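Next comes data_25.cif, with mmCIF, C-alpha atoms.
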data_entry
#
loop_
_atom_site.label_atom_id
_atom_site.label_comp_id
_atom_site.auth_asym_id
_atom_site.auth_seq_id
_atom_site.Cartn_x
_atom_site.Cartn_y
_atom_site.Cartn_z
CA MET A 1 0.00 0.00 0.00
CA ALA A 2 1.32 3.43 -0.95
CA ARG A 3 2.35 5.67 1.96
CA LEU A 4 0.89 9.13 1.37
CA ILE A 5 2.39 12.29 2.81
CA ALA A 6 0.88 15.73 3.31
CA ALA A 7 2.01 18.60 1.10
CA THR A 8 0.85 22.00 -0.13
CA CYS A 9 -0.23 22.91 -3.65
CA PRO A 10 2.26 25.59 -4.81
CA LYS A 11 -0.45 27.15 -6.98
CA CYS A 12 -3.31 27.76 -4.53
CA GLY A 13 -1.89 26.66 -1.16
CA ALA A 14 -4.49 23.95 -0.60
CA GLY A 15 -3.52 20.72 1.13
CA VAL A 16 -2.75 17.67 -0.99
CA ARG A 17 -1.72 14.13 -0.15
CA LEU A 18 0.72 12.45 -2.49
CA ASP A 19 2.70 9.31 -3.08
CA PRO A 20 6.40 10.31 -3.49
CA LYS A 21 6.82 7.46 -5.99
CA ASN A 22 4.54 9.28 -8.43
CA GLN A 23 6.02 12.08 -10.50
CA PHE A 24 2.87 14.20 -10.54
CA VAL A 25 0.00 15.03 -8.20
CA THR A 26 -3.20 16.93 -9.06
CA CYS A 27 -4.72 19.38 -6.59
CA SER A 28 -8.38 18.55 -5.96
CA TYR A 29 -9.08 22.20 -5.16
CA CYS A 30 -7.67 24.09 -8.17
CA GLY A 31 -7.05 21.16 -10.53
CA VAL A 32 -3.39 22.08 -11.17
CA SER A 33 -0.95 19.20 -11.70
CA SER A 34 2.41 19.63 -9.93
CA PHE A 35 5.70 17.77 -10.36
CA VAL A 36 6.83 15.89 -7.22
CA GLU A 37 10.55 16.60 -6.72
CA THR A 38 12.60 14.40 -4.35
CA PRO A 39 16.35 14.32 -3.59
CA LYS A 40 16.66 11.38 -6.00
CA ARG A 41 14.32 12.82 -8.64
CA PRO A 42 15.07 16.52 -9.25
CA ALA A 43 12.93 18.50 -11.65
CA THR A 44 14.14 18.28 -15.25
CA ALA A 45 14.84 21.23 -17.51
CA GLU A 46 11.66 20.46 -19.43
CA ILE A 47 9.58 20.71 -16.26
CA ARG A 48 11.08 24.08 -15.38
CA GLN A 49 10.86 25.45 -18.91
CA ALA A 50 7.17 24.59 -18.95
CA ALA A 51 6.80 26.60 -15.70
CA ARG A 52 5.03 23.62 -14.13
CA PRO A 53 4.47 23.94 -10.34
CA ILE A 54 6.88 21.87 -8.25
CA ILE A 55 6.32 20.28 -4.85
CA HIS A 56 9.56 19.59 -2.97
CA VAL A 57 9.55 16.41 -0.87
CA GLU A 58 12.41 16.25 1.61
CA ARG A 59 12.16 12.63 2.71
CA VAL A 60 10.54 9.67 0.98
CA PRO A 61 8.92 7.20 3.44
CA ARG A 62 10.52 3.79 3.38
CA SER A 63 8.47 0.71 2.64
CA PRO A 64 8.16 -1.63 5.67
CA PHE A 65 8.78 -4.58 3.35
CA GLY A 66 12.09 -3.04 2.31
CA CYS A 67 13.16 -2.87 5.95
CA LEU A 68 12.12 -6.50 6.46
CA SER A 69 14.23 -7.71 3.53
CA LEU A 70 17.19 -5.71 4.83
CA LEU A 71 16.82 -7.31 8.27
CA ILE A 72 16.72 -10.80 6.74
CA SER A 73 19.87 -10.05 4.73
CA LEU A 74 21.68 -8.88 7.86
CA VAL A 75 20.71 -12.03 9.74
CA VAL A 76 22.06 -14.22 6.91
CA LEU A 77 25.32 -12.25 6.74
CA ILE A 78 25.79 -12.45 10.48
CA GLY A 79 25.26 -16.21 10.38
CA LEU A 80 27.77 -16.73 7.57
CA GLY A 81 30.33 -14.46 9.15
CA GLY A 82 30.06 -16.02 12.60
CA ALA A 83 32.15 -19.11 11.81
CA PHE A 84 34.83 -17.14 9.99
CA SER A 85 35.11 -14.46 12.65
CA GLY A 86 35.27 -17.07 15.42
CA GLN A 87 38.26 -18.80 13.81
CA LEU A 88 39.96 -15.49 13.06
CA LEU A 89 39.56 -14.20 16.59
CA GLY A 90 41.04 -17.43 17.87
CA ASN A 91 44.39 -16.43 16.32
CA LEU A 92 44.21 -12.67 16.32
CA SER A 93 43.28 -10.06 18.94
CA LEU A 94 43.34 -6.30 18.67
CA LEU A 95 45.55 -4.71 21.35
CA GLY A 96 46.00 -0.92 21.31
CA GLY A 97 46.02 -0.68 17.52
CA ARG A 98 48.31 -3.76 17.12
CA VAL A 99 47.45 -7.24 15.84
CA LEU A 100 48.67 -10.23 17.86
CA GLY A 101 49.20 -13.33 15.73
CA VAL A 102 50.89 -16.75 15.86
CA SER A 103 53.67 -18.00 13.53
CA SER A 104 55.47 -21.32 14.04
CA GLY A 105 54.10 -21.49 17.53
CA LYS A 106 55.55 -18.06 18.47
CA PRO A 107 53.48 -14.91 18.96
CA PHE A 108 54.32 -11.74 17.05
CA VAL A 109 52.84 -8.23 16.74
CA LEU A 110 52.25 -6.13 13.66
CA PRO A 111 51.25 -2.43 13.73
CA ILE A 112 48.19 -1.72 11.62
CA SER A 113 46.69 1.43 10.14
CA LEU A 114 43.41 1.87 8.35
CA PRO A 115 43.41 3.24 4.80
CA SER A 116 42.23 6.83 4.57
CA ALA A 117 39.19 5.78 2.55
CA VAL A 118 38.11 3.42 5.34
CA SER A 119 38.93 5.74 8.24
CA GLY A 120 36.96 8.48 6.51
CA LEU A 121 33.83 6.37 6.85
CA ALA A 122 34.03 6.80 10.61
CA SER A 123 34.15 10.60 10.45
CA PRO A 124 31.03 12.18 11.96
CA ARG A 125 28.41 13.77 9.72
CA VAL A 126 28.02 17.51 9.94
CA GLU A 127 24.80 18.20 11.84
CA GLU A 128 23.35 21.57 10.84
CA ASP A 129 19.95 23.14 11.35
CA LEU A 130 19.61 25.46 8.37
CA PHE A 131 16.30 26.83 9.65
CA LYS A 132 18.06 28.15 12.74
CA ASP A 133 21.16 29.33 10.85
CA PRO A 134 20.10 30.18 7.27
CA GLU A 135 22.98 32.67 6.98
CA LEU A 136 25.27 29.64 6.81
CA VAL A 137 23.81 28.71 3.43
CA LYS A 138 24.46 32.18 2.02
CA ARG A 139 28.06 32.14 3.27
CA ARG A 140 28.81 28.70 1.83
CA PHE A 141 27.43 29.50 -1.61
CA GLU A 142 29.20 32.87 -1.73
CA GLU A 143 32.47 31.16 -0.78
CA ARG A 144 31.96 28.82 -3.72
CA LEU A 145 30.58 31.24 -6.34
CA GLY A 146 31.73 34.64 -5.13
CA LYS A 147 29.82 37.89 -4.64
CA PRO A 148 27.35 39.06 -5.65
CA LEU A 149 25.59 35.74 -6.02
CA LEU A 150 22.73 35.90 -8.54
CA ALA A 151 20.15 33.18 -7.98
CA LYS A 152 16.99 32.14 -9.80
CA GLU A 153 15.73 30.10 -6.86
CA VAL A 154 16.95 28.96 -3.44
CA VAL A 155 15.20 26.17 -1.52
CA LEU A 156 16.02 25.58 2.14
CA TYR A 157 15.28 22.35 4.01
CA PRO A 158 16.19 21.65 7.65
CA THR A 159 19.43 19.82 6.78
CA TYR A 160 20.21 20.67 3.15
CA ALA A 161 19.61 23.32 0.50
CA LEU A 162 19.78 23.85 -3.23
CA VAL A 163 20.33 26.94 -5.33
CA GLU A 164 19.91 27.62 -9.04
CA ALA A 165 22.50 30.28 -9.73
CA GLN A 166 23.86 32.15 -12.71
CA ASP A 167 27.36 31.11 -13.69
CA PRO A 168 29.58 34.08 -12.72
CA LYS A 169 31.92 33.23 -15.63
CA ASN A 170 29.18 32.85 -18.23
CA LYS A 171 26.08 34.99 -17.72
CA GLN A 172 24.02 32.80 -20.08
CA HIS A 173 24.53 29.64 -18.02
CA LEU A 174 22.41 28.45 -15.10
CA ASP A 175 23.54 25.70 -12.71
CA ARG A 176 22.03 23.86 -9.74
CA TYR A 177 24.13 23.41 -6.59
CA TRP A 178 23.31 21.19 -3.60
CA TYR A 179 24.55 21.97 -0.10
CA ARG A 180 24.58 19.17 2.47
CA ASN A 181 26.82 18.01 5.32
CA GLY A 182 28.83 21.22 5.14
CA VAL A 183 29.78 20.81 1.46
CA VAL A 184 28.58 22.47 -1.74
CA ASP A 185 28.41 19.76 -4.43
CA GLU A 186 29.62 20.13 -7.99
CA PRO A 187 27.24 22.09 -10.25
CA GLU A 188 24.54 20.40 -12.33
CA PRO A 189 24.08 22.25 -15.65
CA LEU A 190 20.51 23.35 -16.32
CA GLN A 191 19.06 23.84 -19.77
CA VAL A 192 18.01 27.40 -20.52
CA SER A 193 15.78 28.16 -23.50
CA SER A 194 17.13 30.50 -26.15
CA SER A 195 14.48 33.08 -25.24
CA ASP A 196 15.45 33.01 -21.54
CA ARG A 197 19.19 32.87 -22.20
CA ASP A 198 19.28 36.44 -23.46
CA LYS A 199 17.23 37.74 -20.53
CA LEU A 200 18.66 35.57 -17.74
CA ASP A 201 19.72 38.70 -15.87
CA LYS A 202 16.03 39.54 -15.46
CA LEU A 203 15.19 36.10 -14.08
CA VAL A 204 17.71 36.13 -11.23
CA PHE A 205 18.10 38.23 -8.10
CA PRO A 206 21.06 39.08 -5.81
CA LEU A 207 21.05 37.16 -2.54
CA ASP A 208 22.03 40.42 -0.84
CA LEU A 209 18.40 41.54 -1.28
CA ILE A 210 17.34 38.89 1.28
CA SER A 211 17.78 39.77 4.99
CA PHE A 212 19.23 36.40 5.99
CA ASP A 213 19.82 37.68 9.51
CA LYS A 214 16.02 37.90 9.96
CA LEU A 215 15.18 34.69 8.17
CA ALA A 216 15.45 32.43 11.24
CA SER A 217 12.89 34.48 13.19
CA VAL A 218 10.64 34.62 10.09
CA ILE A 219 10.70 30.81 9.84
CA GLU A 220 9.96 30.42 13.54
CA GLY A 221 7.13 32.96 13.39
CA ALA A 222 5.46 31.18 10.47
CA LEU A 223 4.26 28.43 12.81
CA LYS A 224 2.28 31.05 14.75
CA GLU A 225 0.83 32.54 11.57
CA ILE A 226 -0.46 29.14 10.43
CA PRO A 227 -1.36 27.33 13.68
CA ILE A 228 -2.14 23.77 12.61
CA GLU A 229 -1.92 20.58 14.63
CA GLN A 230 1.67 19.28 14.82
CA GLY A 231 2.61 21.85 12.21
CA LYS A 232 6.18 22.09 11.00
CA VAL A 233 8.00 24.19 8.45
CA SER A 234 8.71 21.80 5.56
CA HIS A 235 10.78 24.09 3.33
CA VAL A 236 11.46 27.70 2.42
CA ILE A 237 11.64 29.04 -1.15
CA LEU A 238 13.46 32.22 -2.09
CA THR A 239 12.56 33.37 -5.58
CA ARG A 240 12.05 36.50 -7.64
CA ASP A 241 8.69 38.21 -7.49
CA MET A 242 7.01 37.83 -10.89
CA PHE A 243 5.49 41.31 -10.68
CA SER A 244 8.52 43.41 -9.72
CA LYS A 245 12.02 43.95 -11.07
CA GLN A 246 14.42 41.55 -9.39
CA GLN A 247 12.70 41.95 -6.01
CA PRO A 248 12.75 38.57 -4.25
CA VAL A 249 10.09 37.01 -2.05
CA VAL A 250 10.39 34.46 0.74
CA ARG A 251 7.75 31.72 1.00
CA VAL A 252 7.71 29.67 4.21
CA TYR A 253 5.69 26.45 3.84
CA VAL A 254 3.98 24.92 6.88
CA SER A 255 2.31 21.51 6.87
CA GLY A 256 1.14 18.86 9.31
CA PRO A 257 0.12 15.19 9.32
CA ARG A 258 -3.60 16.12 9.51
CA ASP A 259 -3.58 19.32 7.46
CA GLY A 260 -1.99 20.22 4.13
CA GLY A 261 -1.10 23.60 5.62
CA GLY A 262 -0.12 26.56 3.47
CA TYR A 263 2.56 29.18 3.13
CA ILE A 264 3.36 32.73 4.19
CA GLU A 265 4.98 35.11 1.76
CA TYR A 266 7.40 37.80 2.93
CA ASP A 267 9.41 40.41 1.10
CA GLY A 268 13.21 40.38 1.23
CA SER A 269 13.30 42.40 4.46
CA GLY A 270 11.04 39.94 6.30
CA LYS A 271 7.80 41.95 6.07
CA ARG A 272 4.73 39.76 5.66
CA ARG A 273 2.89 40.15 2.37
CA ARG A 274 0.20 37.47 2.41
CA VAL A 275 -0.91 34.18 3.96
CA VAL A 276 -2.19 31.34 1.78
CA HIS A 277 -3.92 28.68 3.89
#
Please express the file's structure as structure tokens.
Amino acid sequence: MARLIAATCPKCGAGVRLDPKNQFVTCSYCGVSSFVETPKRPATAEIRQAARPIIHVERVPRSPFGCLSLLISLVVLIGLGGAFSGQLLGNLSLLGGRVLGVSSGKPFVLPISLPSAVSGLASPRVEEDLFKDPELVKRRFEERLGKPLLAKEVVLYPTYALVEAQDPKNKQHLDRYWYRNGVVDEPEPLQVSSSDRDKLDKLVFPLDLISFDKLASVIEGALKEIPIEQGKVSHVILTRDMFSKQQPVVRVYVSGPRDGGGYIEYDGSGKRRRVVH
């Protein structure tokens, strides 16, 4: 059985329930079909060129049957490895980073060191709350791309973010960058239509027009503006206002398990413009 999750229609703000495995979902209120974007299924250039609404899904629920098969596989591996590991541990023991072995009836020690690729697996993940420190995202992208950073869209999630930014070395190029675990990934080239390529400067906005120092309080305050049961901020979209010249807007989306929620739109300085719920 499909596991549905609550989301918000980006067109009218009505609540929708969708299956993340499906690429599209149709709003029962306004009838608009939106593309369902997940970390493993980003929106294609064709979707964006068609100006189709996009619903960002941060996490895709796991199937309980998938977890069961994984558990069975682990049990089998443990069983097969038990005999081997028992024999190995009979001859070897780990003492302070040294291996004790037996050769011709005499014990000997060998120093060991893990390869860098293996030791790197044990390094802790970078835990960041981007809703509490959204300025971190701006700093990381500016360190990578320089200032001023001209973006078409920025999407913030609690632990990762993405930005579609103009290539500072080629003003007709647009790339998508992902930020997660403290690292900005390599750019993904985005297709830009010939008509948009010549006017790309009018489709982007400088990140300096967003008051990132106020963004954390804006995100926190959104839960009071849309008081729904067990409501949480799912994501935040920074994009250019369609009706003004390069002036950006901030849309904070709130949803809950029993309510599709809505969003609050602010201007770049953090002043509320409208509530869609």
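Protein and nucleic acid residues near (-5.7, 27.1, 0.5) are Ala7, Thr8, Cys9, Pro10, Lys11, Cys12, Gly13, Ala14, Gly15, Val16, Cys27, Ser28, Tyr29, Cys30, Ile226, Tyr253, Val254, Ser255, Asp259, Gly260, Gly261, Gly262, Tyr263, Ile264, Val275, Val276 and His277 of chain A, the criterion being any atom at most 12 Å away using only C-alpha atoms.
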Hey, can you check how far CA of Pro39 (chain A) sits from CA of Val57 (chain A)?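 Interatomic distance, CA of Pro39 (chain A) to CA of Val57 (chain A): 7.6 Å.
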Shell around Asn170 (chain A) at 12 Å using only C-alpha atoms, local window under 4 positions removed, as a ChimeraX atom specification: /A:165-166,174-175,197-198,200-201
Selected residue of minimal separation from Ile55 (chain A) among A:Arg176, A:Lys152, A:Arg272, A:His235, counting all atoms listed in the file: A:His235
Evaluate the PyMOL selection byres ((chain A and resi 184) around 10) against this structure - the residues, as a PyMOL selection string, please. chain A and resi 137+140-141+143-144+160-162+177-183+185-187
Might you pull out every residue within 6 Å of Leu4 (chain A), with all atoms listed in the file counted and same-chain residues fewer than 2 positions away left off, and present them as a list in words?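 Within the cut-off, the hits are Arg17, Leu18 and Asp19 of chain A.
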Using all atoms listed in the file, which of A:Glu229, A:Pro53, A:Ala43, A:Lys224 sits nearest Thr26 (chain A)?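 Closest to Thr26 (chain A), using all atoms listed in the file: A:Pro53.
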Of the listed residues A:Asp241, A:Glu188, A:Asp133, A:Asp167, that which approaches Glu220 (chain A) most closely, counting only C-alpha atoms: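 Smallest distance to Glu220 (chain A) is found for A:Asp133.
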Separation of CA of Lys138 (chain A) from CA of Lys214 (chain A), in Å and rounded to one decimal: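 Computed distance, CA of Lys138 (chain A) to CA of Lys214 (chain A), equals 12.9 Å.
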Name the residues that the PyMOL selection byres ((chain A and resi 154) around 6) picks from the file above, as a list in words, using the file's chain letters and numbers.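 The output of the PyMOL selection byres ((chain A and resi 154) around 6) on this file is Glu153, Val155, Leu162, Val163, Ile237 and Leu238 of chain A.
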Between CA of Asn22 (chain A) and CA of Ala6 (chain A), what is the distance in Å, rounded to a tenth?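 Atom-to-atom, CA of Asn22 (chain A) and CA of Ala6 (chain A) are spaced 13.9 Å apart.
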All residues 12 Å or closer to Thr38 (chain A), all atoms listed in the file, same chain fewer than 6 positions away omitted, as a PyMOL selection string: chain A and resi 19-24+44+54-61+157+162
Within 10 Å of (15.6, 35.6, 8.4), all atoms listed in the file: residues as a list in words?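 Collected hits near the coordinates: Phe131, Lys132, Asp133, Pro134, Glu135, Ile210, Ser211, Phe212, Asp213, Lys214, Leu215, Ala216, Ser217, Val218, Ile219, Glu220, Val250, Gly268, Ser269 and Gly270 of chain A.
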List as a count of residues only the protein and nucleic acid residues near Leu207 (chain A), meaning an atom at most 7 Å away when all atoms listed in the file are counted, but skip any in the same chain fewer than 3 places from it. 4
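Minimum distance to Pro158 (chain A) across A:Val192, A:Val204, A:Leu223, A:Val233 (counting all atoms listed in the file) occurs at A:Val233.
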Nearest to Leu130 (chain A) among A:Pro168, A:Lys40, A:Thr159, A:Asp208, with distances taken over all atoms listed in the file: which residue is it?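 Result for the nearest residue to Leu130 (chain A): A:Thr159.
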